[in-house]
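Chemist: Got a structure here, written out as structure tokens. Questions coming.
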Amino acid sequence: MKQALHVAIIMDGNGRWAEKRGEKRVKGHEQGAKVVREITEYCAAHKEIERLTLYAFSTENWKRPRLEVEFLMKLLEKYLKNELEVYIKNNIRFEPIGDTRAFSASLQKLIKEVKQKTAHCDGLVQSLALNYGSHDEILRAVNKLRDEKKDITNEMLSNALDCKHQVDVMIRTGGDHRISNFLLWQISYAELFFTDTLWPDFSTKELKNIMEEFTKRERRFGGLN
Ligand code: IPE
Ligand code: IPE
Ligand code: MG
């Protein structure tokens, strides 16, 4: 298998997973966070995967009921506090993407701290997309570059984005076939996988199957073979 793959996942279906069980939506988020750890550890142990970028909270998710948003913020805080040890143990570098300035000061501090404390790790890079939207990311990049005197190149724009790396494998769980404003620039030639599995039911076994299927796909990048 080609080395240094970038896998991105739209982790969808938490709410429906909980509702199916007669539970509150937030139960699904809680279970979903456990799956994040499992999948991250799996990727860390599989050296052909270099990057794992996970859609955790979109710029549009603020539209949800206040209580759900608050729960997600608390869950993120809890997850990051617990995860620091797991990141270090597995040599995982945490590189969040998205505009985290919208978060509380304490959450911003925690995000920065986990980033700094894992900066030396040179195994898997796990990027959580936090208050992330592709349009927002591209606009922030363009605004960073707007005083350039020369024409903006592909490389300049790529490097001004939060996520500077093209995606190889894009997975969406939860049964919907859409991208929901995730990594639009970076998925130009990604192989897309959609599964009906709700995120809390997603497993390393299913990821393994997808990665196997990926190796069978012929990527032509506009060429002939
Ligand atoms: C994805 O699950 C997690 C977030 C967007 C935070 P959802 O919460 O969107 O779950 P469904 O799609 O409503 O089932
Ligand atoms: C996408 O899921 C965002 C995340 C997984 C964080 P949504 O549930 O927000 O997407 P839509 O609304 O179904 O497009
Ligand atoms: Mg959803």
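Chain labels run A, B, ... following the order of the structure tokens; each chain numbers its residues from 1, and ligands are numbered from 1 in the order shown.
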For range 86-91 of chain A, work out the shell of residues within 9 Å, counting only C-alpha atoms and skipping chain neighbours fewer than 2 positions away, then give it as an NGL selection string.

Modeler: :A and (37 or 41 or 44-45 or 82-84 or 93-94 or 114 or 117-118 or 120-126)

Chemist: With only C-alpha atoms and all ligand atoms counted, collect every polymer residue having an atom within 7 Å of ligand 1; state the result as a list of chain:residue names.

Modeler: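 If we count only C-alpha atoms and all ligand atoms, the neighbours of ligand 1 turn out to be A:Met11, A:Asp12, A:Gly13, A:Asn14, A:Gly15, A:Arg16, A:Trp17, A:His29, A:Ala56, A:Phe57, A:Ser58, A:Asn61, A:Leu72, A:Gly174.
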
Chemist: Ile111 in chain A: which residues within 9 Å, counting only C-alpha atoms, same-chain residues fewer than 6 positions away excluded, as a PDB file with N, CA and C atoms, in the first residue's frame?

Modeler:
```pdb
ATOM      1  N   GLU A  77     -13.894  19.131  25.762  1.00  0.00           N
ATOM      2  CA  GLU A  77     -12.964  19.424  26.857  1.00  0.00           C
ATOM      3  C   GLU A  77     -12.552  18.132  27.573  1.00  0.00           C
ATOM      4  N   LEU A  80     -10.318  15.940  25.295  1.00  0.00           N
ATOM      5  CA  LEU A  80      -8.927  16.408  25.150  1.00  0.00           C
ATOM      6  C   LEU A  80      -8.130  16.177  26.427  1.00  0.00           C
ATOM      7  N   PHE A  94      -1.282  16.177  17.718  1.00  0.00           N
ATOM      8  CA  PHE A  94      -2.619  16.769  17.612  1.00  0.00           C
ATOM      9  C   PHE A  94      -2.507  18.117  16.893  1.00  0.00           C
ATOM     10  N   PRO A  96      -5.217  20.607  15.481  1.00  0.00           N
ATOM     11  CA  PRO A  96      -6.599  20.982  15.171  1.00  0.00           C
ATOM     12  C   PRO A  96      -6.688  21.898  13.955  1.00  0.00           C
ATOM     13  N   THR A 100     -10.844  28.213  16.077  1.00  0.00           N
ATOM     14  CA  THR A 100     -11.174  27.929  17.481  1.00  0.00           C
ATOM     15  C   THR A 100     -11.339  29.209  18.315  1.00  0.00           C
TER      16      THR A 100
END
```

Chemist: Collect all residues with atoms no farther than 12 Å from ligand 2, counting only C-alpha atoms and all ligand atoms, and output them as a ChimeraX atom specification.

Modeler: /A:8-16,25,29,32-33,36,53-64,69,72,98,128-134,171-183,198-200

Chemist: Give me, as a PyMOL selection string, all polymer residues having an atom no more than 9 Å from Ala141 in chain A, counting only C-alpha atoms and skipping those fewer than 6 positions away in the same chain.

Modeler: chain A and resi 157-162

Chemist: Filtering to all heavy atoms, could you give me those residues as a short mmCIF file (atom, residue, chain, number, x, y, z; two decimals), in the first residue's frame?

Modeler:
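Output file selection-v4.cif is given in full below:
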```cif
data_model
loop_
_atom_site.label_atom_id
_atom_site.label_comp_id
_atom_site.auth_asym_id
_atom_site.auth_seq_id
_atom_site.Cartn_x
_atom_site.Cartn_y
_atom_site.Cartn_z
N LEU A 157 -1.87 29.13 -1.77
CA LEU A 157 -3.20 28.98 -1.17
C LEU A 157 -3.23 27.75 -0.27
O LEU A 157 -3.69 27.83 0.89
CB LEU A 157 -4.29 28.90 -2.25
CG LEU A 157 -5.72 28.79 -1.69
CD1 LEU A 157 -6.06 29.94 -0.76
CD2 LEU A 157 -6.76 28.71 -2.79
N SER A 158 -2.68 26.63 -0.77
CA SER A 158 -2.66 25.41 0.04
C SER A 158 -2.01 25.66 1.39
O SER A 158 -2.50 25.21 2.43
CB SER A 158 -1.87 24.31 -0.66
OG SER A 158 -2.60 23.82 -1.73
N ASN A 159 -0.88 26.36 1.35
CA ASN A 159 -0.14 26.59 2.59
C ASN A 159 -0.81 27.58 3.53
O ASN A 159 -0.48 27.63 4.71
CB ASN A 159 1.29 27.05 2.28
CG ASN A 159 2.12 25.89 1.79
OD1 ASN A 159 1.89 24.75 2.19
ND2 ASN A 159 3.06 26.17 0.91
N ALA A 160 -1.73 28.36 3.01
CA ALA A 160 -2.43 29.32 3.87
C ALA A 160 -3.68 28.69 4.51
O ALA A 160 -4.31 29.28 5.38
CB ALA A 160 -2.81 30.55 3.06
N LEU A 161 -4.03 27.49 4.06
CA LEU A 161 -5.20 26.81 4.64
C LEU A 161 -4.84 26.18 5.98
O LEU A 161 -3.66 25.91 6.25
CB LEU A 161 -5.70 25.72 3.67
CG LEU A 161 -6.26 26.22 2.34
CD1 LEU A 161 -6.48 25.04 1.39
CD2 LEU A 161 -7.56 26.98 2.53
N ASP A 162 -5.85 25.90 6.80
CA ASP A 162 -5.58 25.21 8.07
C ASP A 162 -5.04 23.82 7.76
O ASP A 162 -4.08 23.36 8.37
CB ASP A 162 -6.88 25.02 8.88
CG ASP A 162 -7.56 26.33 9.23
OD1 ASP A 162 -6.92 27.39 9.10
OD2 ASP A 162 -8.74 26.28 9.64
#
```

Chemist: Provide the CA of Ile49 in chain A to CA of Phe214 in chain A distance in Å, to one decimal place.

Modeler: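 Interatomic distance here is 12.3 Å.
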
Chemist: Using CA of Ala102 in chain A and CA of Arg66 in chain A as the two end points, give the distance in Å to one decimal.

Modeler: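 One can read the CA of Ala102 in chain A to CA of Arg66 in chain A distance as 14.6 Å.
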
Chemist: One decimal, Å: what's the distance from CA of Leu52 in chain A over to CA of His165 in chain A, could you say?

Modeler: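 Those two atoms sit 10.8 Å apart.
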
Chemist: Would you please extract all alpha helix (DSSP H) residues from range 109-177 of chain A, as assigned by DSSP on the backbone, and give them as a VMD selection string?

Modeler: chain A and resid 109 to 117 134 to 145 154 to 160

Chemist: If you keep N, CA and C atoms, can you produce a file of those selected residues as a PDB file, in the first residue's frame?

Modeler:
```pdb
ATOM      1  N   LYS A 109      -7.433  27.410  25.503  1.00  0.00           N
ATOM      2  CA  LYS A 109      -6.173  27.175  26.220  1.00  0.00           C
ATOM      3  C   LYS A 109      -5.834  25.681  26.208  1.00  0.00           C
ATOM      4  N   LEU A 110      -6.864  24.877  26.466  1.00  0.00           N
ATOM      5  CA  LEU A 110      -6.666  23.425  26.490  1.00  0.00           C
ATOM      6  C   LEU A 110      -6.230  22.899  25.106  1.00  0.00           C
ATOM      7  N   ILE A 111      -6.869  23.400  24.068  1.00  0.00           N
ATOM      8  CA  ILE A 111      -6.543  22.984  22.695  1.00  0.00           C
ATOM      9  C   ILE A 111      -5.070  23.310  22.403  1.00  0.00           C
ATOM     10  N   LYS A 112      -4.674  24.513  22.800  1.00  0.00           N
ATOM     11  CA  LYS A 112      -3.287  24.970  22.574  1.00  0.00           C
ATOM     12  C   LYS A 112      -2.301  24.104  23.359  1.00  0.00           C
ATOM     13  N   GLU A 113      -2.701  23.794  24.563  1.00  0.00           N
ATOM     14  CA  GLU A 113      -1.828  22.994  25.435  1.00  0.00           C
ATOM     15  C   GLU A 113      -1.603  21.585  24.850  1.00  0.00           C
ATOM     16  N   VAL A 114      -2.695  20.944  24.404  1.00  0.00           N
ATOM     17  CA  VAL A 114      -2.576  19.581  23.847  1.00  0.00           C
ATOM     18  C   VAL A 114      -1.728  19.632  22.570  1.00  0.00           C
ATOM     19  N   LYS A 115      -1.904  20.693  21.805  1.00  0.00           N
ATOM     20  CA  LYS A 115      -1.121  20.869  20.573  1.00  0.00           C
ATOM     21  C   LYS A 115       0.369  20.980  20.928  1.00  0.00           C
ATOM     22  N   GLN A 116       0.662  21.828  21.895  1.00  0.00           N
ATOM     23  CA  GLN A 116       2.071  22.030  22.273  1.00  0.00           C
ATOM     24  C   GLN A 116       2.689  20.766  22.859  1.00  0.00           C
ATOM     25  N   LYS A 117       1.919  20.093  23.707  1.00  0.00           N
ATOM     26  CA  LYS A 117       2.471  18.921  24.399  1.00  0.00           C
ATOM     27  C   LYS A 117       2.644  17.705  23.485  1.00  0.00           C
ATOM     28  N   SER A 134     -15.226  24.615   5.337  1.00  0.00           N
ATOM     29  CA  SER A 134     -14.303  24.818   4.225  1.00  0.00           C
ATOM     30  C   SER A 134     -14.361  26.245   3.684  1.00  0.00           C
ATOM     31  N   HIS A 135     -15.561  26.790   3.578  1.00  0.00           N
ATOM     32  CA  HIS A 135     -15.672  28.159   3.064  1.00  0.00           C
ATOM     33  C   HIS A 135     -14.951  29.127   3.995  1.00  0.00           C
ATOM     34  N   ASP A 136     -15.156  28.942   5.271  1.00  0.00           N
ATOM     35  CA  ASP A 136     -14.499  29.808   6.259  1.00  0.00           C
ATOM     36  C   ASP A 136     -12.978  29.669   6.155  1.00  0.00           C
ATOM     37  N   GLU A 137     -12.513  28.435   6.020  1.00  0.00           N
ATOM     38  CA  GLU A 137     -11.064  28.177   5.923  1.00  0.00           C
ATOM     39  C   GLU A 137     -10.473  28.859   4.686  1.00  0.00           C
ATOM     40  N   ILE A 138     -11.170  28.726   3.561  1.00  0.00           N
ATOM     41  CA  ILE A 138     -10.662  29.315   2.312  1.00  0.00           C
ATOM     42  C   ILE A 138     -10.694  30.847   2.408  1.00  0.00           C
ATOM     43  N   LEU A 139     -11.752  31.373   2.982  1.00  0.00           N
ATOM     44  CA  LEU A 139     -11.829  32.841   3.114  1.00  0.00           C
ATOM     45  C   LEU A 139     -10.741  33.380   4.035  1.00  0.00           C
ATOM     46  N   ARG A 140     -10.483  32.663   5.138  1.00  0.00           N
ATOM     47  CA  ARG A 140      -9.405  33.129   6.033  1.00  0.00           C
ATOM     48  C   ARG A 140      -8.064  33.065   5.314  1.00  0.00           C
ATOM     49  N   ALA A 141      -7.869  32.032   4.494  1.00  0.00           N
ATOM     50  CA  ALA A 141      -6.606  31.900   3.746  1.00  0.00           C
ATOM     51  C   ALA A 141      -6.473  33.036   2.727  1.00  0.00           C
ATOM     52  N   VAL A 142      -7.537  33.307   2.004  1.00  0.00           N
ATOM     53  CA  VAL A 142      -7.501  34.370   0.985  1.00  0.00           C
ATOM     54  C   VAL A 142      -7.226  35.717   1.656  1.00  0.00           C
ATOM     55  N   ASN A 143      -7.843  35.933   2.798  1.00  0.00           N
ATOM     56  CA  ASN A 143      -7.604  37.205   3.496  1.00  0.00           C
ATOM     57  C   ASN A 143      -6.168  37.337   3.999  1.00  0.00           C
ATOM     58  N   LYS A 144      -5.579  36.202   4.378  1.00  0.00           N
ATOM     59  CA  LYS A 144      -4.157  36.223   4.789  1.00  0.00           C
ATOM     60  C   LYS A 144      -3.272  36.639   3.617  1.00  0.00           C
ATOM     61  N   LEU A 145      -3.699  36.237   2.409  1.00  0.00           N
ATOM     62  CA  LEU A 145      -2.848  36.418   1.226  1.00  0.00           C
ATOM     63  C   LEU A 145      -3.143  37.703   0.464  1.00  0.00           C
ATOM     64  N   ASN A 154      -1.200  27.885  -6.485  1.00  0.00           N
ATOM     65  CA  ASN A 154      -1.829  26.752  -5.811  1.00  0.00           C
ATOM     66  C   ASN A 154      -1.103  26.487  -4.489  1.00  0.00           C
ATOM     67  N   GLU A 155       0.220  26.496  -4.545  1.00  0.00           N
ATOM     68  CA  GLU A 155       1.005  26.207  -3.340  1.00  0.00           C
ATOM     69  C   GLU A 155       0.778  27.253  -2.246  1.00  0.00           C
ATOM     70  N   MET A 156       0.735  28.514  -2.659  1.00  0.00           N
ATOM     71  CA  MET A 156       0.512  29.578  -1.663  1.00  0.00           C
ATOM     72  C   MET A 156      -0.842  29.423  -0.984  1.00  0.00           C
ATOM     73  N   LEU A 157      -1.871  29.125  -1.774  1.00  0.00           N
ATOM     74  CA  LEU A 157      -3.197  28.978  -1.175  1.00  0.00           C
ATOM     75  C   LEU A 157      -3.230  27.745  -0.266  1.00  0.00           C
ATOM     76  N   SER A 158      -2.681  26.633  -0.768  1.00  0.00           N
ATOM     77  CA  SER A 158      -2.658  25.406   0.044  1.00  0.00           C
ATOM     78  C   SER A 158      -2.007  25.658   1.390  1.00  0.00           C
ATOM     79  N   ASN A 159      -0.882  26.365   1.348  1.00  0.00           N
ATOM     80  CA  ASN A 159      -0.141  26.590   2.591  1.00  0.00           C
ATOM     81  C   ASN A 159      -0.811  27.581   3.532  1.00  0.00           C
ATOM     82  N   ALA A 160      -1.733  28.360   3.007  1.00  0.00           N
ATOM     83  CA  ALA A 160      -2.433  29.319   3.869  1.00  0.00           C
ATOM     84  C   ALA A 160      -3.680  28.691   4.508  1.00  0.00           C
TER      85      ALA A 160
END
```

Chemist: For the structure I just gave you, how does DSSP split chain A - specifically, which residues are strand (DSSP E or B)? Reply as a PyMOL selection string.

Modeler: chain A and resi 5-10+49-58+93-94+97+125-132+169-172+191-194

Chemist: Rank nothing, just name the residue among A:Ile39, A:Gly28, A:His46, A:Asp151 nearest to ligand 3, using only C-alpha atoms and all ligand atoms.

Modeler: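 Of the candidates, the smallest distance to ligand 3 is held by A:Gly28.
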
Chemist: Would you kindly return, as a count of residues only, each protein, DNA or RNA residue with an atom no farther than 8 Å from any atom of range 186-191 of chain A, considering only C-alpha atoms and excluding same-chain residues fewer than 5 positions away?

Modeler: 10
